[in-house]
$ cat coords-v4.cif   # mmCIF, C-alpha atoms
data_final
#
loop_
_atom_site.group_PDB
_atom_site.id
_atom_site.type_symbol
_atom_site.label_atom_id
_atom_site.label_comp_id
_atom_site.auth_asym_id
_atom_site.auth_seq_id
_atom_site.Cartn_x
_atom_site.Cartn_y
_atom_site.Cartn_z
ATOM 1 C CA SER A 248 83.495 -42.341 -82.327
ATOM 2 C CA SER A 249 82.162 -38.800 -82.581
ATOM 3 C CA ASN A 250 78.493 -38.054 -83.031
ATOM 4 C CA ASN A 251 77.825 -36.157 -86.224
ATOM 5 C CA PHE A 252 74.723 -34.018 -85.885
ATOM 6 C CA SER A 253 73.652 -30.565 -86.948
ATOM 7 C CA ILE A 254 71.236 -28.016 -85.564
ATOM 8 C CA GLU A 255 68.993 -26.073 -87.923
ATOM 9 C CA LEU A 256 68.705 -22.313 -87.807
ATOM 10 C CA PRO A 257 65.498 -21.481 -85.860
ATOM 11 C CA GLY A 258 62.382 -20.262 -87.649
ATOM 12 C CA GLN A 259 62.574 -22.207 -90.913
ATOM 13 C CA TYR A 260 59.360 -24.192 -90.408
ATOM 14 C CA GLN A 261 56.314 -22.192 -91.426
ATOM 15 C CA GLY A 262 53.705 -24.948 -91.187
ATOM 16 C CA ARG A 263 52.439 -24.271 -94.700
ATOM 17 C CA GLN A 264 54.179 -27.107 -96.532
ATOM 18 C CA VAL A 265 55.996 -30.338 -95.857
ATOM 19 C CA PRO A 266 59.402 -29.447 -94.379
ATOM 20 C CA THR A 267 62.552 -30.265 -96.344
ATOM 21 C CA PRO A 268 65.253 -30.404 -93.662
ATOM 22 C CA GLU A 269 67.997 -31.180 -96.175
ATOM 23 C CA SER A 270 67.555 -27.699 -97.675
ATOM 24 C CA HIS A 271 67.462 -25.887 -94.328
ATOM 25 C CA ILE A 272 70.322 -23.717 -93.128
ATOM 26 C CA LYS A 273 72.366 -25.256 -90.320
ATOM 27 C CA ILE A 274 74.117 -23.473 -87.435
ATOM 28 C CA ILE A 275 77.882 -23.618 -87.842
ATOM 29 C CA GLY A 276 78.782 -21.274 -84.998
ATOM 30 C CA PHE A 277 78.117 -18.150 -82.979
ATOM 31 C CA SER A 278 79.735 -14.743 -82.974
ATOM 32 C CA PRO A 279 81.556 -14.067 -79.697
ATOM 33 C CA LYS A 280 79.924 -10.616 -79.524
ATOM 34 C CA ILE A 281 76.792 -10.539 -77.349
ATOM 35 C CA LEU A 282 74.855 -7.294 -76.976
ATOM 36 C CA PRO A 283 72.879 -6.944 -73.713
ATOM 37 C CA LEU A 284 69.934 -4.572 -74.141
ATOM 38 C CA THR A 285 68.624 -2.165 -71.545
ATOM 39 C CA SER A 286 65.266 -3.589 -70.662
ATOM 40 C CA LEU A 287 63.560 -5.088 -67.633
ATOM 41 C CA ARG A 288 64.874 -8.619 -68.215
ATOM 42 C CA THR A 289 68.096 -7.595 -70.057
ATOM 43 C CA PRO A 290 67.591 -9.602 -73.257
ATOM 44 C CA LYS A 291 70.703 -10.355 -75.304
ATOM 45 C CA ARG A 292 71.260 -10.002 -79.030
ATOM 46 C CA ILE A 293 73.286 -12.866 -80.449
ATOM 47 C CA THR A 294 74.613 -13.548 -83.937
ATOM 48 C CA VAL A 295 74.381 -17.042 -85.372
ATOM 49 C CA LEU A 296 76.616 -18.108 -88.256
ATOM 50 C CA GLY A 297 74.727 -20.123 -90.871
ATOM 51 C CA SER A 298 75.917 -22.889 -93.198
ATOM 52 C CA ASN A 299 75.115 -20.556 -96.116
ATOM 53 C CA GLU A 300 77.867 -18.174 -94.891
ATOM 54 C CA CYS A 301 75.326 -15.581 -93.691
ATOM 55 C CA GLU A 302 74.877 -14.105 -90.211
ATOM 56 C CA TYR A 303 71.524 -14.205 -88.439
ATOM 57 C CA ARG A 304 70.704 -12.096 -85.412
ATOM 58 C CA TYR A 305 68.311 -13.078 -82.670
ATOM 59 C CA LEU A 306 67.095 -11.587 -79.428
ATOM 60 C CA VAL A 307 67.319 -14.122 -76.590
ATOM 61 C CA LYS A 308 64.667 -13.463 -73.955
ATOM 62 C CA GLY A 309 64.443 -15.171 -70.600
ATOM 63 C CA GLY A 310 61.765 -14.879 -67.951
ATOM 64 C CA GLU A 311 58.951 -14.395 -70.470
ATOM 65 C CA ASP A 312 56.545 -16.805 -72.132
ATOM 66 C CA LEU A 313 56.816 -16.079 -75.860
ATOM 67 C CA ARG A 314 54.076 -18.496 -76.950
ATOM 68 C CA LEU A 315 51.476 -15.702 -77.209
ATOM 69 C CA ASP A 316 53.910 -13.581 -79.246
ATOM 70 C CA GLU A 317 54.408 -16.576 -81.565
ATOM 71 C CA ARG A 318 50.647 -16.939 -82.045
ATOM 72 C CA VAL A 319 50.231 -13.221 -82.791
ATOM 73 C CA GLU A 320 52.911 -13.441 -85.502
ATOM 74 C CA GLN A 321 51.179 -16.524 -86.954
ATOM 75 C CA MET A 322 47.905 -14.574 -87.015
ATOM 76 C CA PHE A 323 49.650 -11.703 -88.830
ATOM 77 C CA GLY A 324 50.887 -14.261 -91.390
ATOM 78 C CA MET A 325 47.301 -15.423 -91.983
ATOM 79 C CA MET A 326 46.184 -11.799 -92.306
ATOM 80 C CA ASN A 327 48.862 -11.317 -94.963
ATOM 81 C CA ASP A 328 47.424 -14.309 -96.878
ATOM 82 C CA ILE A 329 43.991 -12.631 -96.803
ATOM 83 C CA LEU A 330 45.422 -9.255 -97.880
ATOM 84 C CA TYR A 331 47.317 -10.933 -100.738
ATOM 85 C CA ARG A 332 44.152 -12.620 -102.040
ATOM 86 C CA ASP A 333 42.218 -9.335 -102.111
ATOM 87 C CA PRO A 334 42.904 -7.595 -105.461
ATOM 88 C CA SER A 335 42.628 -4.078 -104.005
ATOM 89 C CA CYS A 336 45.024 -4.845 -101.147
ATOM 90 C CA LYS A 337 47.389 -6.761 -103.404
ATOM 91 C CA SER A 338 47.605 -3.878 -105.899
ATOM 92 C CA ARG A 339 48.629 -1.543 -103.050
ATOM 93 C CA ASN A 340 51.073 -4.122 -101.682
ATOM 94 C CA LEU A 341 49.451 -4.056 -98.235
ATOM 95 C CA ASN A 342 50.973 -6.429 -95.707
ATOM 96 C CA LEU A 343 52.145 -6.705 -92.135
ATOM 97 C CA LYS A 344 55.861 -7.066 -91.433
ATOM 98 C CA THR A 345 56.287 -10.276 -89.480
ATOM 99 C CA TYR A 346 59.237 -11.877 -87.746
ATOM 100 C CA GLN A 347 60.014 -15.256 -86.243
ATOM 101 C CA VAL A 348 59.281 -15.939 -82.574
ATOM 102 C CA ILE A 349 60.651 -19.266 -81.349
ATOM 103 C CA PRO A 350 59.691 -20.298 -77.800
ATOM 104 C CA MET A 351 62.237 -22.829 -76.484
ATOM 105 C CA LYS A 352 60.451 -23.475 -73.200
ATOM 106 C CA LYS A 353 57.894 -21.632 -71.071
ATOM 107 C CA SER A 354 60.309 -18.936 -69.888
ATOM 108 C CA LEU A 355 62.921 -18.821 -72.669
ATOM 109 C CA GLY A 356 62.864 -18.110 -76.371
ATOM 110 C CA VAL A 357 64.429 -16.299 -79.290
ATOM 111 C CA ILE A 358 63.034 -13.622 -81.565
ATOM 112 C CA GLN A 359 64.318 -12.856 -85.048
ATOM 113 C CA TRP A 360 66.176 -9.537 -84.937
ATOM 114 C CA VAL A 361 64.667 -6.888 -87.210
ATOM 115 C CA ASN A 362 67.055 -4.091 -88.197
ATOM 116 C CA ASN A 363 66.097 -0.408 -88.118
ATOM 117 C CA THR A 364 63.355 -0.776 -85.532
ATOM 118 C CA CYS A 365 62.825 0.654 -82.083
ATOM 119 C CA PRO A 366 60.537 -0.221 -79.185
ATOM 120 C CA ILE A 367 57.027 1.188 -79.553
ATOM 121 C CA LYS A 368 57.391 2.759 -76.108
ATOM 122 C CA GLU A 369 60.076 5.114 -77.487
ATOM 123 C CA LYS A 370 57.769 6.291 -80.277
ATOM 124 C CA LEU A 371 54.820 6.715 -77.931
ATOM 125 C CA VAL A 372 56.838 8.765 -75.438
ATOM 126 C CA GLU A 373 58.196 10.898 -78.310
ATOM 127 C CA SER A 374 54.675 11.418 -79.713
ATOM 128 C CA PHE A 375 53.230 12.323 -76.320
ATOM 129 C CA LYS A 376 55.977 14.907 -75.796
ATOM 130 C CA ILE A 377 55.256 16.532 -79.164
ATOM 131 C CA TYR A 378 51.485 16.346 -78.709
ATOM 132 C CA GLY A 379 51.770 17.642 -75.154
ATOM 133 C CA GLN A 380 53.862 20.640 -76.270
ATOM 134 C CA GLU A 381 51.360 21.469 -79.021
ATOM 135 C CA GLN A 382 48.464 21.278 -76.580
ATOM 136 C CA GLN A 383 50.340 23.460 -74.074
ATOM 137 C CA GLN A 384 51.047 26.097 -76.750
ATOM 138 C CA LYS A 385 47.382 26.139 -77.810
ATOM 139 C CA LEU A 386 46.298 26.565 -74.209
ATOM 140 C CA GLN A 387 48.730 29.477 -73.685
ATOM 141 C CA LEU A 388 47.414 31.184 -76.838
ATOM 142 C CA GLN A 389 43.838 30.776 -75.629
ATOM 143 C CA LEU A 390 44.745 32.224 -72.216
ATOM 144 C CA GLN A 391 46.387 35.254 -73.857
ATOM 145 C CA LEU A 392 43.215 36.044 -75.807
#
$ encode --input "coords-v4.cif" --output "structure tokens"
Amino acid sequence: SSNNFSIELPGQYQGRQVPTPESHIKIIGFSPKILPLTSLRTPKRITVLGSNECEYRYLVKGGEDLRLDERVEQMFGMMNDILYRDPSCKSRNLNLKTYQVIPMKKSLGVIQWVNNTCPIKEKLVESFKIYGQEQQQKLQLQLQL
């Protein structure tokens, strides 16, 4: 006899209400395309096929403990609750964009893929280049005077 079991899509438990597993999306498969990213530990982007006929992307990270990242995202969720309850913040639709972090064990986990983002390091390097050029130009103008 074959065992009939299903695995739920990660990140569906928020801890804010009683879970209803029967309504949760199940994993029906994986896309064969895996995208290795250029980073220290070479994380991989995978695509999971859900029982609702949608695709879900995750970043699989090994060699890192993602439990702190998970806690930070949970804290951001609580901050969003506070912002939502404040009338001034709510009227301006202030909130923090959060994403799922699912530690599987101490040195392995998955992170919900967020489209149209880039590593903060890229933005910082870009900003420093621009700021550095502006500062250099100001200094040259001062030296010419």
$ resolve_selection --input "coords-v4.cif" --expression "the PyMOL selection byres ((chain A and resi 341) around 12)" --output "MDAnalysis selection string"
chainID A and resid 326:340 342:344
$ resolve_selection --input "coords-v4.cif" --expression "the PyMOL selection byres ((chain A and resi 351) around 12)" --output "PDB file with C-alpha atoms, in the frame of the given file"
ATOM      1  CA  PRO A 257      65.498 -21.481 -85.860  1.00  0.00           C
ATOM      2  CA  GLY A 258      62.382 -20.262 -87.649  1.00  0.00           C
ATOM      3  CA  VAL A 307      67.319 -14.122 -76.590  1.00  0.00           C
ATOM      4  CA  LYS A 308      64.667 -13.463 -73.955  1.00  0.00           C
ATOM      5  CA  GLY A 309      64.443 -15.171 -70.600  1.00  0.00           C
ATOM      6  CA  GLY A 310      61.765 -14.879 -67.951  1.00  0.00           C
ATOM      7  CA  GLU A 311      58.951 -14.395 -70.470  1.00  0.00           C
ATOM      8  CA  ASP A 312      56.545 -16.805 -72.132  1.00  0.00           C
ATOM      9  CA  LEU A 313      56.816 -16.079 -75.860  1.00  0.00           C
ATOM     10  CA  ARG A 314      54.076 -18.496 -76.950  1.00  0.00           C
ATOM     11  CA  GLU A 317      54.408 -16.576 -81.565  1.00  0.00           C
ATOM     12  CA  VAL A 348      59.281 -15.939 -82.574  1.00  0.00           C
ATOM     13  CA  ILE A 349      60.651 -19.266 -81.349  1.00  0.00           C
ATOM     14  CA  PRO A 350      59.691 -20.298 -77.800  1.00  0.00           C
ATOM     15  CA  LYS A 352      60.451 -23.475 -73.200  1.00  0.00           C
ATOM     16  CA  LYS A 353      57.894 -21.632 -71.071  1.00  0.00           C
ATOM     17  CA  SER A 354      60.309 -18.936 -69.888  1.00  0.00           C
ATOM     18  CA  LEU A 355      62.921 -18.821 -72.669  1.00  0.00           C
ATOM     19  CA  GLY A 356      62.864 -18.110 -76.371  1.00  0.00           C
ATOM     20  CA  VAL A 357      64.429 -16.299 -79.290  1.00  0.00           C
ATOM     21  CA  ILE A 358      63.034 -13.622 -81.565  1.00  0.00           C
TER      22      ILE A 358
END
$ atom_distance --input "coords-v4.cif" --atom1 "atom CA of A:Ile274" --atom2 "atom CA of A:Ile293"
12.7 Å
$ resolve_selection --input "coords-v4.cif" --expression "the PyMOL selection byres ((chain A and resi 320) around 8)" --output "list in words"
Asp316, Glu317, Arg318, Val319, Gln321, Met322, Phe323, Gly324, Thr345, Tyr346, Gln347 and Val348 of chain A
$ axis_aligned_box --input "coords-v4.cif" --around "stretch 291-308 of chain A" --padding-each-side "6 Å" --output "AutoDock Vina command-line options"
--center_x 71.3 --center_y -16.4 --center_z -85.0 --size_x 25.2 --size_y 24.9 --size_z 34.2
$ residues_around --input "coords-v4.cif" --residues "A:Pro279" --least-positions-apart "5" --cutoff "12 Å" --atoms "all atoms listed in the file" --output "list in words"
Arg292, Ile293, Thr294, Val295 and Leu296 of chain A
$ closest_atom_pairs --input "coords-v4.cif" --of "stretch 271-343 of chain A" --to "stretch 361-381 of chain A" --cutoff "10 Å" --atoms "only C-alpha atoms" --output "tab-separated table"
residue	atom	partner	partner_atom	distance
A:Arg304	CA	A:Val361	CA	8.2
A:Tyr305	CA	A:Val361	CA	8.5
A:Leu306	CA	A:Val361	CA	9.4
$ atom_distance --input "coords-v4.cif" --atom1 "atom CA of A:Pro283" --atom2 "atom CA of A:Ser298"
25.4 Å
$ atom_distance --input "coords-v4.cif" --atom1 "atom CA of A:Gln261" --atom2 "atom CA of A:Leu284"
28.2 Å
$ closest_residue --input "coords-v4.cif" --among "A:Tyr303, A:Pro290, A:Ile281, A:Met325" --to "A:Leu256" --atoms "all atoms listed in the file"
A:Tyr303
$ residues_around --input "coords-v4.cif" --residues "A:Gly297" --least-positions-apart "6" --cutoff "7 Å" --atoms "all atoms listed in the file" --output "PyMOL selection string"
chain A and resi 272-275
$ closest_residue --input "coords-v4.cif" --among "A:Glu255, A:Lys280, A:Leu315, A:Thr289" --to "A:Pro268" --atoms "only C-alpha atoms"
A:Glu255
$ decode --input "coords-v4.cif" --residues "stretch 329-343 of chain A" --atoms "all heavy atoms" --output "PDB file, in the first residue's frame"
ATOM      1  N   ILE A 329       1.006  47.655  15.329  1.00  0.00           N
ATOM      2  CA  ILE A 329       1.004  48.926  16.063  1.00  0.00           C
ATOM      3  C   ILE A 329       0.726  50.087  15.101  1.00  0.00           C
ATOM      4  O   ILE A 329      -0.084  50.973  15.392  1.00  0.00           O
ATOM      5  CB  ILE A 329       2.339  49.125  16.813  1.00  0.00           C
ATOM      6  CG1 ILE A 329       2.474  48.072  17.916  1.00  0.00           C
ATOM      7  CG2 ILE A 329       2.460  50.541  17.363  1.00  0.00           C
ATOM      8  CD1 ILE A 329       3.865  47.958  18.511  1.00  0.00           C
ATOM      9  N   LEU A 330       1.389  50.088  13.945  1.00  0.00           N
ATOM     10  CA  LEU A 330       1.166  51.154  12.963  1.00  0.00           C
ATOM     11  C   LEU A 330      -0.282  51.169  12.486  1.00  0.00           C
ATOM     12  O   LEU A 330      -0.872  52.230  12.292  1.00  0.00           O
ATOM     13  CB  LEU A 330       2.105  50.970  11.757  1.00  0.00           C
ATOM     14  CG  LEU A 330       3.591  51.214  12.013  1.00  0.00           C
ATOM     15  CD1 LEU A 330       4.420  50.751  10.815  1.00  0.00           C
ATOM     16  CD2 LEU A 330       3.864  52.668  12.336  1.00  0.00           C
ATOM     17  N   TYR A 331      -0.875  49.991  12.321  1.00  0.00           N
ATOM     18  CA  TYR A 331      -2.255  49.891  11.835  1.00  0.00           C
ATOM     19  C   TYR A 331      -3.244  50.440  12.855  1.00  0.00           C
ATOM     20  O   TYR A 331      -4.260  51.038  12.504  1.00  0.00           O
ATOM     21  CB  TYR A 331      -2.587  48.426  11.511  1.00  0.00           C
ATOM     22  CG  TYR A 331      -3.953  48.248  10.920  1.00  0.00           C
ATOM     23  CD1 TYR A 331      -4.188  48.526   9.576  1.00  0.00           C
ATOM     24  CD2 TYR A 331      -5.012  47.799  11.690  1.00  0.00           C
ATOM     25  CE1 TYR A 331      -5.441  48.376   9.018  1.00  0.00           C
ATOM     26  CE2 TYR A 331      -6.274  47.640  11.148  1.00  0.00           C
ATOM     27  CZ  TYR A 331      -6.486  47.925   9.813  1.00  0.00           C
ATOM     28  OH  TYR A 331      -7.737  47.776   9.275  1.00  0.00           O
ATOM     29  N   ARG A 332      -2.925  50.257  14.143  1.00  0.00           N
ATOM     30  CA  ARG A 332      -3.838  50.734  15.202  1.00  0.00           C
ATOM     31  C   ARG A 332      -3.745  52.240  15.422  1.00  0.00           C
ATOM     32  O   ARG A 332      -4.631  52.834  16.025  1.00  0.00           O
ATOM     33  CB  ARG A 332      -3.563  49.989  16.506  1.00  0.00           C
ATOM     34  CG  ARG A 332      -4.088  48.559  16.480  1.00  0.00           C
ATOM     35  CD  ARG A 332      -4.102  47.949  17.876  1.00  0.00           C
ATOM     36  NE  ARG A 332      -2.781  47.772  18.441  1.00  0.00           N
ATOM     37  CZ  ARG A 332      -2.088  46.643  18.388  1.00  0.00           C
ATOM     38  NH1 ARG A 332      -2.583  45.591  17.810  1.00  0.00           N
ATOM     39  NH2 ARG A 332      -0.885  46.579  18.943  1.00  0.00           N
ATOM     40  N   ASP A 333      -2.661  52.861  14.974  1.00  0.00           N
ATOM     41  CA  ASP A 333      -2.511  54.308  15.131  1.00  0.00           C
ATOM     42  C   ASP A 333      -3.222  55.006  13.973  1.00  0.00           C
ATOM     43  O   ASP A 333      -2.884  54.780  12.810  1.00  0.00           O
ATOM     44  CB  ASP A 333      -1.026  54.676  15.124  1.00  0.00           C
ATOM     45  CG  ASP A 333      -0.816  56.167  15.284  1.00  0.00           C
ATOM     46  OD1 ASP A 333      -0.723  56.628  16.433  1.00  0.00           O
ATOM     47  OD2 ASP A 333      -0.745  56.866  14.238  1.00  0.00           O
ATOM     48  N   PRO A 334      -4.224  55.854  14.275  1.00  0.00           N
ATOM     49  CA  PRO A 334      -5.002  56.489  13.193  1.00  0.00           C
ATOM     50  C   PRO A 334      -4.159  57.288  12.199  1.00  0.00           C
ATOM     51  O   PRO A 334      -4.391  57.238  10.995  1.00  0.00           O
ATOM     52  CB  PRO A 334      -5.980  57.413  13.941  1.00  0.00           C
ATOM     53  CG  PRO A 334      -6.056  56.848  15.323  1.00  0.00           C
ATOM     54  CD  PRO A 334      -4.718  56.208  15.599  1.00  0.00           C
ATOM     55  N   SER A 335      -3.156  58.019  12.694  1.00  0.00           N
ATOM     56  CA  SER A 335      -2.311  58.816  11.810  1.00  0.00           C
ATOM     57  C   SER A 335      -1.511  57.923  10.860  1.00  0.00           C
ATOM     58  O   SER A 335      -1.399  58.205   9.657  1.00  0.00           O
ATOM     59  CB  SER A 335      -1.379  59.694  12.649  1.00  0.00           C
ATOM     60  OG  SER A 335      -0.474  60.368  11.814  1.00  0.00           O
ATOM     61  N   CYS A 336      -0.946  56.861  11.396  1.00  0.00           N
ATOM     62  CA  CYS A 336      -0.156  55.932  10.573  1.00  0.00           C
ATOM     63  C   CYS A 336      -1.052  55.172   9.605  1.00  0.00           C
ATOM     64  O   CYS A 336      -0.702  54.979   8.435  1.00  0.00           O
ATOM     65  CB  CYS A 336       0.603  54.940  11.459  1.00  0.00           C
ATOM     66  SG  CYS A 336       1.871  55.718  12.482  1.00  0.00           S
ATOM     67  N   LYS A 337      -2.211  54.772  10.097  1.00  0.00           N
ATOM     68  CA  LYS A 337      -3.150  54.021   9.253  1.00  0.00           C
ATOM     69  C   LYS A 337      -3.618  54.876   8.073  1.00  0.00           C
ATOM     70  O   LYS A 337      -3.688  54.391   6.940  1.00  0.00           O
ATOM     71  CB  LYS A 337      -4.345  53.551  10.077  1.00  0.00           C
ATOM     72  CG  LYS A 337      -5.296  52.674   9.295  1.00  0.00           C
ATOM     73  CD  LYS A 337      -6.430  52.183  10.154  1.00  0.00           C
ATOM     74  CE  LYS A 337      -7.389  51.360   9.324  1.00  0.00           C
ATOM     75  NZ  LYS A 337      -8.515  50.882  10.107  1.00  0.00           N
ATOM     76  N   SER A 338      -3.899  56.151   8.328  1.00  0.00           N
ATOM     77  CA  SER A 338      -4.384  57.022   7.240  1.00  0.00           C
ATOM     78  C   SER A 338      -3.330  57.226   6.159  1.00  0.00           C
ATOM     79  O   SER A 338      -3.651  57.475   5.002  1.00  0.00           O
ATOM     80  CB  SER A 338      -4.831  58.376   7.803  1.00  0.00           C
ATOM     81  OG  SER A 338      -3.715  59.118   8.253  1.00  0.00           O
ATOM     82  N   ARG A 339      -2.049  57.114   6.533  1.00  0.00           N
ATOM     83  CA  ARG A 339      -0.957  57.251   5.559  1.00  0.00           C
ATOM     84  C   ARG A 339      -0.481  55.901   5.033  1.00  0.00           C
ATOM     85  O   ARG A 339       0.479  55.829   4.287  1.00  0.00           O
ATOM     86  CB  ARG A 339       0.208  58.017   6.190  1.00  0.00           C
ATOM     87  CG  ARG A 339      -0.155  59.475   6.454  1.00  0.00           C
ATOM     88  CD  ARG A 339       0.984  60.249   7.019  1.00  0.00           C
ATOM     89  NE  ARG A 339       1.127  59.908   8.440  1.00  0.00           N
ATOM     90  CZ  ARG A 339       2.243  60.046   9.143  1.00  0.00           C
ATOM     91  NH1 ARG A 339       3.323  60.529   8.579  1.00  0.00           N
ATOM     92  NH2 ARG A 339       2.297  59.736  10.409  1.00  0.00           N
ATOM     93  N   ASN A 340      -1.172  54.841   5.461  1.00  0.00           N
ATOM     94  CA  ASN A 340      -0.863  53.484   5.013  1.00  0.00           C
ATOM     95  C   ASN A 340       0.598  53.104   5.277  1.00  0.00           C
ATOM     96  O   ASN A 340       1.268  52.515   4.426  1.00  0.00           O
ATOM     97  CB  ASN A 340      -1.217  53.309   3.531  1.00  0.00           C
ATOM     98  CG  ASN A 340      -1.349  51.848   3.153  1.00  0.00           C
ATOM     99  OD1 ASN A 340      -1.657  51.013   3.992  1.00  0.00           O
ATOM    100  ND2 ASN A 340      -1.118  51.553   1.893  1.00  0.00           N
ATOM    101  N   LEU A 341       1.095  53.473   6.467  1.00  0.00           N
ATOM    102  CA  LEU A 341       2.474  53.152   6.823  1.00  0.00           C
ATOM    103  C   LEU A 341       2.579  51.695   7.247  1.00  0.00           C
ATOM    104  O   LEU A 341       1.796  51.215   8.067  1.00  0.00           O
ATOM    105  CB  LEU A 341       2.955  54.041   7.973  1.00  0.00           C
ATOM    106  CG  LEU A 341       3.048  55.532   7.695  1.00  0.00           C
ATOM    107  CD1 LEU A 341       3.538  56.267   8.937  1.00  0.00           C
ATOM    108  CD2 LEU A 341       3.975  55.809   6.527  1.00  0.00           C
ATOM    109  N   ASN A 342       3.526  50.986   6.685  1.00  0.00           N
ATOM    110  CA  ASN A 342       3.790  49.613   7.109  1.00  0.00           C
ATOM    111  C   ASN A 342       5.146  49.170   6.596  1.00  0.00           C
ATOM    112  O   ASN A 342       5.737  49.810   5.735  1.00  0.00           O
ATOM    113  CB  ASN A 342       2.686  48.654   6.649  1.00  0.00           C
ATOM    114  CG  ASN A 342       2.569  48.566   5.155  1.00  0.00           C
ATOM    115  OD1 ASN A 342       3.570  48.452   4.450  1.00  0.00           O
ATOM    116  ND2 ASN A 342       1.361  48.620   4.637  1.00  0.00           N
ATOM    117  N   LEU A 343       5.614  48.085   7.159  1.00  0.00           N
ATOM    118  CA  LEU A 343       6.889  47.497   6.751  1.00  0.00           C
ATOM    119  C   LEU A 343       6.592  46.287   5.879  1.00  0.00           C
ATOM    120  O   LEU A 343       5.762  45.458   6.238  1.00  0.00           O
ATOM    121  CB  LEU A 343       7.683  47.049   7.984  1.00  0.00           C
ATOM    122  CG  LEU A 343       8.048  48.146   8.973  1.00  0.00           C
ATOM    123  CD1 LEU A 343       8.497  47.539  10.289  1.00  0.00           C
ATOM    124  CD2 LEU A 343       9.136  49.024   8.393  1.00  0.00           C
TER     125      LEU A 343
END
